[in-house]
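Structure below is protein19.cif: mmCIF, C-alpha atoms.
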```
data_query
loop_
_atom_site.label_atom_id
_atom_site.label_comp_id
_atom_site.auth_asym_id
_atom_site.auth_seq_id
_atom_site.Cartn_x
_atom_site.Cartn_y
_atom_site.Cartn_z
CA MET R 15 15.89 -49.31 9.16
CA THR R 16 12.90 -50.34 11.29
CA GLY R 17 10.12 -48.39 13.00
CA GLY R 18 8.24 -47.48 9.81
CA TRP R 19 4.76 -48.24 11.16
CA ARG R 20 5.39 -46.43 14.43
CA ALA R 21 6.69 -43.46 12.46
CA LEU R 22 3.56 -43.54 10.26
CA LEU R 23 1.29 -43.60 13.29
CA ARG R 24 3.11 -40.63 14.79
CA LEU R 25 3.06 -38.87 11.43
CA MET R 26 -0.75 -38.94 11.45
CA ALA R 27 -0.61 -36.60 14.46
CA VAL R 28 2.29 -34.49 13.21
CA GLN R 29 0.38 -31.24 13.84
CA GLY R 30 -0.32 -32.15 17.47
CA SER R 31 2.54 -30.03 18.75
CA TRP R 32 2.33 -27.27 16.12
CA ASN R 33 3.67 -23.98 17.41
CA TYR R 34 4.95 -20.73 15.89
CA GLU R 35 8.50 -21.38 17.05
CA ARG R 36 9.07 -24.65 15.15
CA MET R 37 5.72 -25.22 13.43
CA LEU R 38 5.70 -28.95 12.46
CA GLY R 39 9.28 -29.39 13.72
CA VAL R 40 8.58 -31.11 17.03
CA GLY R 41 5.96 -33.40 15.45
CA MET R 42 8.47 -34.35 12.75
CA GLY R 43 11.12 -35.06 15.39
CA TYR R 44 8.70 -37.28 17.31
CA ALA R 45 7.78 -39.17 14.12
CA ALA R 46 11.46 -39.51 13.11
CA GLU R 47 12.55 -41.02 16.42
CA PRO R 48 11.46 -44.66 15.63
CA LEU R 49 13.10 -44.45 12.18
CA LEU R 50 16.38 -43.23 13.67
CA GLU R 51 16.48 -45.81 16.47
CA ASP R 52 18.75 -48.28 14.59
CA LEU R 53 21.29 -45.51 14.08
CA LYS R 54 21.88 -45.54 17.85
CA THR R 55 23.86 -48.80 17.65
CA VAL R 56 25.62 -47.96 14.37
CA ASP R 57 26.72 -44.41 15.21
CA PRO R 58 25.54 -43.02 18.57
CA VAL R 59 26.97 -39.54 17.96
CA ARG R 60 25.29 -39.26 14.58
CA HIS R 61 22.06 -40.56 16.16
CA GLY R 62 22.04 -37.70 18.67
CA GLU R 63 22.69 -35.10 15.98
CA ALA R 64 20.03 -36.62 13.72
CA VAL R 65 17.37 -36.55 16.46
CA VAL R 66 18.09 -32.87 17.16
CA ARG R 67 18.09 -32.05 13.43
CA SER R 68 14.78 -33.84 12.88
CA ALA R 69 13.01 -31.60 15.42
CA GLU R 70 14.24 -28.27 14.01
CA PHE R 71 11.87 -25.77 12.41
CA PHE R 72 9.82 -27.34 9.62
CA ASN R 73 6.59 -26.49 7.88
CA CYS R 74 4.63 -28.03 5.02
CA ASN R 75 1.23 -29.54 4.33
CA PRO R 76 0.94 -32.32 6.97
CA ASN R 77 -0.39 -34.84 4.45
CA LEU R 78 2.87 -34.78 2.47
CA ALA R 79 5.22 -34.45 5.47
CA GLY R 80 6.11 -38.16 5.16
CA LEU R 81 8.18 -37.39 2.04
CA ALA R 82 10.47 -35.12 4.06
CA LEU R 83 10.46 -37.46 7.05
CA GLY R 84 11.46 -40.51 5.00
CA ALA R 85 13.99 -38.69 2.83
CA THR R 86 15.85 -37.08 5.74
CA ALA R 87 15.85 -40.33 7.78
CA ARG R 88 17.42 -42.20 4.86
CA ALA R 89 19.95 -39.40 4.34
CA GLU R 90 20.96 -39.73 8.01
CA TYR R 91 21.68 -43.46 7.51
CA GLU R 92 23.64 -42.66 4.33
CA ALA R 93 25.82 -40.25 6.39
CA VAL R 94 24.99 -37.26 4.20
CA PRO R 95 26.55 -34.12 5.78
CA GLY R 96 24.21 -32.58 8.36
CA ALA R 97 24.28 -29.14 6.71
CA GLN R 98 23.04 -30.67 3.45
CA ILE R 99 20.20 -32.48 5.23
CA ALA R 100 19.22 -29.20 6.88
CA ARG R 101 19.14 -27.51 3.45
CA LEU R 102 17.00 -30.37 2.08
CA ARG R 103 14.51 -29.93 4.93
CA THR R 104 14.30 -26.18 4.28
CA ALA R 105 13.92 -26.59 0.52
CA LEU R 106 11.23 -29.30 0.92
CA CYS R 107 8.99 -26.91 2.86
CA SER R 108 8.20 -25.09 -0.41
CA PRO R 109 6.95 -27.84 -2.76
CA LEU R 110 5.40 -29.93 0.03
CA GLY R 111 3.54 -26.85 1.26
CA ALA R 112 2.44 -25.57 -2.14
CA LEU R 113 1.55 -28.92 -3.74
CA GLY R 114 -0.02 -30.26 -0.54
CA ASP R 115 -2.18 -27.16 -0.01
CA GLU R 116 -3.26 -27.23 -3.65
CA LEU R 117 -4.00 -30.96 -3.52
CA PHE R 118 -5.72 -31.13 -0.12
CA TRP R 119 -6.92 -27.77 1.23
CA ALA R 120 -7.84 -26.09 -2.07
CA GLY R 121 -8.57 -29.35 -3.91
CA LEU R 122 -9.72 -32.54 -2.25
CA VAL R 123 -11.31 -31.04 0.89
CA THR R 124 -13.10 -28.35 -1.12
CA ALA R 125 -14.32 -30.85 -3.74
CA LEU R 126 -15.55 -33.31 -1.09
CA MET R 127 -17.30 -30.55 0.86
CA GLY R 128 -19.04 -29.38 -2.32
CA LEU R 129 -20.15 -32.93 -3.11
CA ALA R 130 -21.28 -33.47 0.50
CA LEU R 131 -23.40 -30.30 0.32
CA VAL R 132 -24.99 -31.51 -2.92
CA ALA R 133 -25.65 -34.91 -1.33
CA VAL R 134 -27.30 -33.28 1.72
CA VAL R 135 -29.56 -31.21 -0.52
CA LEU R 136 -30.49 -34.36 -2.44
CA GLY R 137 -31.51 -36.05 0.80
CA ALA R 138 -28.46 -38.09 1.85
CA GLY R 139 -28.49 -36.45 5.33
CA TRP R 140 -25.84 -37.69 7.77
CA TRP R 141 -24.58 -40.23 5.20
CA ALA R 142 -23.13 -37.31 3.25
CA ILE R 143 -21.06 -36.20 6.25
CA LEU R 144 -19.97 -39.78 6.96
CA GLY R 145 -19.00 -40.24 3.30
CA PHE R 146 -16.98 -37.02 3.40
CA LEU R 147 -15.10 -38.03 6.56
CA VAL R 148 -14.38 -41.60 5.42
CA THR R 149 -13.25 -40.61 1.89
CA TYR R 150 -11.01 -37.80 3.13
CA ASN R 151 -9.35 -39.91 5.79
CA VAL R 152 -8.82 -42.94 3.51
CA VAL R 153 -7.09 -40.70 0.92
CA ARG R 154 -5.11 -39.03 3.71
CA LEU R 155 -3.93 -42.37 5.13
CA LEU R 156 -2.99 -43.84 1.74
CA THR R 157 -1.13 -40.63 0.86
CA ALA R 158 0.79 -40.75 4.15
CA VAL R 159 1.83 -44.38 3.52
CA TRP R 160 2.93 -43.55 -0.04
CA ALA R 161 4.76 -40.39 1.07
CA LEU R 162 6.76 -42.11 3.81
CA ARG R 163 7.70 -45.05 1.57
CA THR R 164 8.68 -42.76 -1.32
CA GLY R 165 10.76 -40.56 0.98
CA LEU R 166 12.54 -43.58 2.48
CA ASP R 167 13.28 -44.98 -1.00
CA ALA R 168 14.47 -41.70 -2.50
CA GLY R 169 16.58 -40.08 0.24
CA MET R 170 18.35 -37.00 -1.14
CA ARG R 171 16.78 -37.66 -4.57
CA VAL R 172 13.30 -36.97 -3.18
CA GLY R 173 12.94 -33.85 -5.36
CA SER R 174 12.92 -35.82 -8.59
CA ALA R 175 10.72 -38.50 -6.94
CA ILE R 176 8.11 -35.81 -6.18
CA GLY R 177 8.43 -34.24 -9.63
CA THR R 178 7.80 -37.53 -11.43
CA SER R 179 5.11 -38.77 -9.04
CA TRP R 180 1.32 -38.49 -9.30
CA VAL R 181 1.26 -35.45 -6.97
CA PRO R 182 1.90 -32.49 -9.38
CA GLY R 183 -0.62 -33.82 -11.92
CA ALA R 184 -3.26 -34.54 -9.29
CA ALA R 185 -2.76 -31.11 -7.69
CA ALA R 186 -3.36 -29.45 -11.06
CA ARG R 187 -6.42 -31.61 -11.89
CA VAL R 188 -8.26 -31.51 -8.58
CA GLY R 189 -8.69 -27.69 -8.61
CA PRO R 190 -11.23 -27.60 -11.48
CA VAL R 191 -13.09 -30.53 -9.87
CA ALA R 192 -13.29 -28.56 -6.62
CA GLY R 193 -14.51 -25.49 -8.50
CA ALA R 194 -17.20 -27.48 -10.29
CA ALA R 195 -18.34 -29.17 -7.05
CA VAL R 196 -18.61 -25.89 -5.15
CA GLY R 197 -20.21 -24.17 -8.16
CA LEU R 198 -22.86 -26.88 -8.21
CA ALA R 199 -23.31 -26.90 -4.44
CA LEU R 200 -23.75 -23.14 -3.92
CA PRO R 201 -27.03 -22.58 -5.82
CA LEU R 202 -28.45 -25.92 -4.65
CA ALA R 203 -27.58 -25.22 -1.01
CA ALA R 204 -28.84 -21.63 -1.28
CA ALA R 205 -32.18 -22.81 -2.72
CA TRP R 206 -32.37 -25.48 0.03
CA TYR R 207 -31.75 -22.93 2.79
CA LEU R 208 -34.29 -20.48 1.35
CA ARG R 209 -37.11 -23.01 1.12
CA GLY R 210 -40.06 -21.62 3.02
CA PHE R 211 -38.86 -18.01 2.96
CA GLY R 212 -40.68 -17.16 -0.29
CA TRP R 213 -39.46 -14.80 -2.97
CA THR R 214 -38.85 -11.91 -0.52
CA GLY R 215 -36.37 -14.05 1.42
CA ALA R 216 -34.62 -15.02 -1.81
CA VAL R 217 -34.38 -11.39 -2.93
CA GLY R 218 -33.04 -10.39 0.52
CA ALA R 219 -30.40 -13.12 0.44
CA LEU R 220 -29.39 -12.15 -3.09
CA ALA R 221 -29.08 -8.50 -2.03
CA VAL R 222 -26.87 -9.41 0.95
CA ALA R 223 -24.70 -11.60 -1.30
CA ALA R 224 -24.39 -8.81 -3.90
CA VAL R 225 -23.49 -6.21 -1.25
CA GLY R 226 -20.99 -8.67 0.27
CA ALA R 227 -19.30 -9.26 -3.09
CA ALA R 228 -19.14 -5.50 -3.77
CA VAL R 229 -17.80 -4.35 -0.39
CA THR R 230 -15.21 -7.12 -0.08
CA ARG R 231 -13.97 -6.14 -3.54
CA TRP R 232 -13.87 -2.40 -2.76
CA PHE R 233 -12.84 -2.47 0.89
CA GLY R 234 -10.75 -5.69 1.02
CA PRO R 235 -8.44 -6.57 2.64
CA SER R 236 -9.85 -4.54 5.60
CA LEU R 237 -13.35 -5.97 5.09
CA THR R 238 -12.94 -9.65 4.28
CA SER R 239 -15.81 -11.95 3.38
CA VAL R 240 -15.69 -13.47 6.88
CA ARG R 241 -15.94 -10.06 8.53
CA PHE R 242 -18.80 -9.05 6.22
CA ALA R 243 -20.66 -12.31 6.95
CA LEU R 244 -20.31 -11.70 10.70
CA LEU R 245 -21.49 -8.11 10.24
CA ALA R 246 -24.51 -9.27 8.20
CA MET R 247 -25.43 -11.89 10.82
CA GLY R 248 -25.05 -9.30 13.59
CA LEU R 249 -27.35 -6.89 11.76
CA LEU R 250 -29.89 -9.66 11.17
CA LEU R 251 -29.95 -10.53 14.90
CA PHE R 252 -30.25 -6.80 15.74
CA PHE R 253 -33.21 -6.35 13.37
CA ARG R 254 -34.94 -9.43 14.77
CA TRP R 255 -34.36 -8.21 18.33
CA MET R 256 -35.90 -4.85 17.28
CA GLY R 257 -38.90 -6.78 15.96
CA LEU R 258 -38.37 -5.71 12.33
CA MET J 19 6.05 0.26 -8.78
CA PRO J 20 7.44 -2.81 -10.58
CA ILE J 21 9.28 -4.08 -7.47
CA ALA J 22 6.04 -4.35 -5.58
CA LEU J 23 7.32 -6.13 -2.47
CA SER J 24 10.69 -6.72 -0.77
CA ARG J 25 10.09 -9.51 1.71
CA VAL J 26 12.20 -11.36 4.26
CA ASP J 27 10.80 -14.85 4.84
CA ASP J 28 12.94 -17.82 5.84
CA ARG J 29 10.36 -20.25 4.40
CA LEU J 30 11.23 -18.64 1.03
CA VAL J 31 8.67 -19.68 -1.61
CA HIS J 32 5.49 -20.82 0.15
CA GLY J 33 1.74 -20.22 0.30
CA GLN J 34 1.74 -16.83 2.05
CA VAL J 35 4.27 -15.55 -0.47
CA VAL J 36 2.82 -17.02 -3.66
CA ILE J 37 -0.90 -16.91 -2.93
CA GLY J 38 -1.25 -14.38 -0.10
CA TRP J 39 0.97 -11.63 -1.52
CA GLY J 40 1.61 -12.82 -5.07
CA ARG J 41 -2.03 -12.89 -6.10
CA SER J 42 -3.12 -9.74 -4.30
CA LEU J 43 -0.23 -7.69 -5.73
CA GLY J 44 -0.40 -9.29 -9.20
CA ILE J 45 3.19 -10.54 -9.00
CA SER J 46 4.54 -12.16 -12.19
CA LEU J 47 8.20 -12.49 -11.20
CA ILE J 48 9.66 -13.66 -7.88
CA VAL J 49 13.40 -13.16 -7.46
CA LEU J 50 14.77 -15.38 -4.70
CA VAL J 51 18.03 -13.86 -3.51
CA ASP J 52 20.07 -16.45 -1.62
CA GLU J 53 23.74 -17.32 -2.07
CA GLY J 54 23.23 -21.01 -1.26
CA VAL J 55 20.14 -21.60 -3.41
CA ALA J 56 21.66 -19.69 -6.35
CA ALA J 57 24.47 -22.26 -6.39
CA SER J 58 22.32 -25.37 -5.96
CA ALA J 59 20.42 -26.81 -8.94
CA TRP J 60 18.51 -29.43 -6.91
CA GLU J 61 17.26 -26.83 -4.44
CA GLN J 62 16.13 -24.63 -7.34
CA ASP J 63 14.17 -27.59 -8.78
CA LEU J 64 12.35 -27.98 -5.46
CA TYR J 65 11.48 -24.28 -5.21
CA ARG J 66 10.23 -24.21 -8.82
CA MET J 67 7.66 -26.88 -7.95
CA ALA J 68 6.08 -24.46 -5.47
CA VAL J 69 5.35 -21.71 -8.00
CA PRO J 70 2.06 -21.68 -9.94
CA ALA J 71 1.90 -21.40 -13.73
CA GLY J 72 2.15 -17.79 -14.87
CA VAL J 73 4.65 -16.77 -12.21
CA GLU J 74 8.36 -16.84 -13.04
CA LEU J 75 10.87 -17.70 -10.33
CA ARG J 76 14.47 -16.54 -10.72
CA PHE J 77 17.43 -17.21 -8.46
CA ALA J 78 20.19 -14.71 -7.80
CA THR J 79 23.14 -14.02 -5.56
CA VAL J 80 23.22 -10.62 -3.83
CA ALA J 81 25.69 -9.33 -6.43
CA GLU J 82 23.57 -10.56 -9.35
CA ALA J 83 20.38 -9.12 -7.86
CA ALA J 84 22.07 -5.79 -7.09
CA SER J 85 23.13 -5.45 -10.72
CA HIS J 86 19.56 -6.07 -11.94
CA LEU J 87 17.60 -3.94 -9.45
CA ASP J 88 17.40 -0.94 -11.81
CA GLU J 89 16.21 -3.18 -14.65
CA TRP J 90 13.49 -4.83 -12.53
CA GLN J 91 12.39 -1.47 -11.17
CA GLY J 92 12.06 -0.06 -14.68
CA SER J 93 10.26 -3.10 -16.08
CA PRO J 94 6.46 -3.28 -16.29
CA VAL J 95 6.62 -6.82 -14.79
CA ARG J 96 5.44 -6.72 -11.18
CA THR J 97 8.25 -8.24 -9.17
CA MET J 98 8.81 -9.53 -5.64
CA LEU J 99 12.27 -9.59 -4.05
CA LEU J 100 12.48 -12.44 -1.58
CA THR J 101 15.29 -13.20 0.86
CA GLY J 102 15.57 -15.77 3.61
CA ASP J 103 17.37 -13.54 6.09
CA VAL J 104 17.70 -9.95 7.23
CA GLU J 105 21.37 -9.71 6.24
CA THR J 106 20.64 -10.34 2.53
CA MET J 107 17.81 -7.81 2.43
CA VAL J 108 19.99 -5.21 4.16
CA ALA J 109 22.68 -5.82 1.51
CA LEU J 110 20.10 -5.25 -1.26
CA HIS J 111 18.95 -2.06 0.42
CA ARG J 112 22.55 -0.82 0.61
CA ALA J 113 23.02 -1.64 -3.08
CA ALA J 114 20.00 0.46 -4.11
CA PRO J 115 18.47 2.45 -1.22
CA ALA J 116 16.03 4.24 -3.52
CA ILE J 117 14.62 0.96 -4.90
CA VAL J 118 14.66 -1.33 -1.85
CA HIS J 119 13.11 1.31 0.40
CA LYS J 120 10.16 -0.56 1.89
CA ILE J 121 10.95 -3.87 3.60
CA ASN J 122 8.38 -6.41 4.70
CA LEU J 123 9.30 -8.85 7.48
CA GLY J 124 7.07 -11.81 6.74
CA GLY J 125 8.47 -14.83 8.54
CA ILE J 126 11.69 -15.04 10.50
CA HIS J 127 11.57 -18.00 12.81
CA HIS J 128 13.32 -19.23 15.90
CA ARG J 129 17.03 -19.88 15.95
CA PRO J 130 19.45 -19.82 18.88
CA GLY J 131 20.10 -16.19 19.78
CA ARG J 132 16.86 -14.88 18.34
CA ARG J 133 14.11 -13.49 20.55
CA GLU J 134 10.38 -13.51 19.80
CA ARG J 135 9.16 -10.10 18.65
CA LEU J 136 5.91 -11.33 17.07
CA PRO J 137 4.68 -14.93 16.73
CA TYR J 138 6.14 -14.98 13.21
CA VAL J 139 9.15 -12.71 13.74
CA TYR J 140 12.16 -13.71 15.83
CA LEU J 141 15.22 -11.45 15.67
CA THR J 142 18.65 -11.31 17.27
CA ASP J 143 19.65 -7.92 18.65
CA ASP J 144 22.14 -7.57 15.78
CA GLU J 145 19.41 -8.18 13.19
CA LEU J 146 17.18 -5.62 14.91
CA HIS J 147 20.00 -3.04 14.96
CA ALA J 148 20.72 -3.66 11.27
CA LEU J 149 17.06 -3.03 10.44
CA GLU J 150 17.01 0.09 12.63
CA ALA J 151 20.02 1.38 10.66
CA VAL J 152 18.14 0.70 7.42
CA GLU J 153 15.16 2.66 8.70
CA ALA J 154 17.42 5.48 9.88
CA SER J 155 18.70 5.75 6.31
CA GLY J 156 15.19 6.49 5.05
CA ALA J 157 13.64 3.09 4.37
CA LYS J 158 10.43 1.83 5.94
CA VAL J 159 10.54 -1.53 7.70
CA SER J 160 7.44 -3.29 9.01
CA ALA J 161 6.28 -6.80 9.87
CA GLN J 162 3.19 -8.14 8.12
CA ASP J 163 2.62 -11.81 7.36
CA LEU J 164 -0.39 -11.39 5.03
CA PRO J 165 -1.98 -8.50 3.13
CA THR J 166 -5.12 -8.99 5.25
CA THR J 167 -3.32 -8.39 8.57
CA ALA J 168 -2.22 -5.06 9.99
CA PRO J 169 1.45 -4.06 9.54
CA VAL J 170 3.54 -3.72 12.71
CA ALA J 171 6.16 -0.95 12.73
CA LEU J 172 9.79 -1.85 13.41
CA LYS J 173 9.90 0.25 16.58
CA ALA J 174 7.20 -1.98 18.08
CA LEU J 175 9.53 -4.98 17.66
CA ALA J 176 12.37 -3.57 19.78
#
```

Taking this structure as input, can you express it in the form of structure tokens?
Amino acid sequence: MTGGWRALLRLMAVQGSWNYERMLGVGMGYAAEPLLEDLKTVDPVRHGEAVVRSAEFFNCNPNLAGLALGATARAEYEAVPGAQIARLRTALCSPLGALGDELFWAGLVTALMGLALVAVVLGAGWWAILGFLVTYNVVRLLTAVWALRTGLDAGMRVGSAIGTSWVPGAAARVGPVAGAAVGLALPLAAAWYLRGFGWTGAVGALAVAAVGAAVTRWFGPSLTSVRFALLAMGLLLFFRWMGL
Amino acid sequence: MPIALSRVDDRLVHGQVVIGWGRSLGISLIVLVDEGVAASAWEQDLYRMAVPAGVELRFATVAEAASHLDEWQGSPVRTMLLTGDVETMVALHRAAPAIVHKINLGGIHHRPGRRERLPYVYLTDDELHALEAVEASGAKVSAQDLPTTAPVALKALA
């Protein structure tokens, strides 16, 4: 099987054609096409079916999509029945979504953003943002390479390959790190923002935060934290416009 | 209300189900009702990986689930019934109309023959008619992907 690097490159943009109808499906099909190319000479009919199958509905965390891409491509070469490959794709959406979201969206990105905020407060300036972007993208790239290779090696046994890999342990460990980073960043960033406002500004900010916590608890889900924040900013602009 | 949610979602166990609904409703048990998954150990292993600690995931056929609905309803454990298609949920409703009386359409995606009703709900006419029959028999059917979004009544999907 050739086309691994082209597939990896395409995999990095797998969300480029995200849509409600197939979600990551079309991006996965586009990334699978170089991997399936050799099948064209071996079994042209199977190749056509495999290309169509690879672009069906699919959804998971994009950073772990390579596991599904590699596993299904290998299964196509091993002539696994199409219905079984379709079931594998469907079943992979769950762990690759849950573990990937835990590892990246709730874990790594949150932890790095917390650390970047702390670094900004401590005077790192734009270097903090650069450090965040470089670290995140290096981890993302290395994960994509690992995921595609692991998927290609494992084929239909990808489930046990995921279960015994570093991913479940890392997903469980990165959460507390993210919590600690954000917990450290919040008071530091709040103090940094409130510099120059004096104690009245600090009391006002604390009052808004307390009201926000209370109303989102009592009125959620109709009044989410985002809606409350927008309401608070709107009121602030209104009061300023009134000259208060 | 121990069966706190009866949801149709073809992505089965995923973030919206586990985090979005599971956490906000305090779900401790998810029962995935699917004939194919109930018979496939490797698929069950994959779905188990998607469930956080503290939440139990069980697999059942329609017949097995139907025979346990009374037990789950009477248990203090807050439970979610989850199916991947309309047909399975309709079968559960027919098995126990008084228990499966409020159906949430959470994610039913494109397939040949289905038409877009909402960005996250595609239904064939047959599926829509089956749900209308369920509603005519006294159940409430609505589409709602997350607890934070507004529910959409079945009649708005026609």

(message) as number ranges by chain, could you give me every residue of chain R near chain J (at most 9 Å apart, counting all atoms listed in the file)?
(response) R: 34-36, 71-74, 101-102, 104-113, 115, 171, 173-174, 176-177, 182, 234-238

6 Å per side around range 96-105 of chain R: axis-aligned box centre and edge lengths, as JSON:
```
{"center_x": 19.1, "center_y": -29.4, "center_z": 4.4, "size_x": 22.4, "size_y": 18.4, "size_z": 19.8}
```

(message) Set the distance at 10 Å and use only C-alpha atoms: which residues neighbour Leu198 in chain R once local chain neighbours fewer than 4 positions away are removed? I'd like the list as a ChimeraX atom specification.
(response) /R:128-129,131-132,192-194,202-203

(request) Run the PyMOL selection byres ((chain R and resi 190) around 12) against the file shown and list the residues it catches, as number ranges by chain. (result) R: 116-117, 120-122, 124-125, 184-189, 191-197

(request) Specify as a count of residues only each residue included when the PyMOL selection byres ((chain J and resi 82) around 12) is applied to this file. (result) 22

(request) Evaluate the PyMOL selection byres ((chain J and resi 105) around 10) here and jot the selected residues down as a PyMOL selection string. (result) chain J and resi 26+101-104+106-111+144-145+148-149

Output file for the selection above: C-alpha atoms, as a PDB file, keeping the file's coordinate frame:
```
ATOM      1  CA  VAL J  26      12.200 -11.360   4.260  1.00  0.00           C
ATOM      2  CA  THR J 101      15.290 -13.200   0.860  1.00  0.00           C
ATOM      3  CA  GLY J 102      15.570 -15.770   3.610  1.00  0.00           C
ATOM      4  CA  ASP J 103      17.370 -13.540   6.090  1.00  0.00           C
ATOM      5  CA  VAL J 104      17.700  -9.950   7.230  1.00  0.00           C
ATOM      6  CA  THR J 106      20.640 -10.340   2.530  1.00  0.00           C
ATOM      7  CA  MET J 107      17.810  -7.810   2.430  1.00  0.00           C
ATOM      8  CA  VAL J 108      19.990  -5.210   4.160  1.00  0.00           C
ATOM      9  CA  ALA J 109      22.680  -5.820   1.510  1.00  0.00           C
ATOM     10  CA  LEU J 110      20.100  -5.250  -1.260  1.00  0.00           C
ATOM     11  CA  HIS J 111      18.950  -2.060   0.420  1.00  0.00           C
ATOM     12  CA  ASP J 144      22.140  -7.570  15.780  1.00  0.00           C
ATOM     13  CA  GLU J 145      19.410  -8.180  13.190  1.00  0.00           C
ATOM     14  CA  ALA J 148      20.720  -3.660  11.270  1.00  0.00           C
ATOM     15  CA  LEU J 149      17.060  -3.030  10.440  1.00  0.00           C
TER      16      LEU J 149
END
```

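Distances from R:Ala199, R:Val172, R:Ala64, R:Met42 to Ala130 in chain R were compared using only C-alpha atoms, and the smallest one belongs to R:Ala199.
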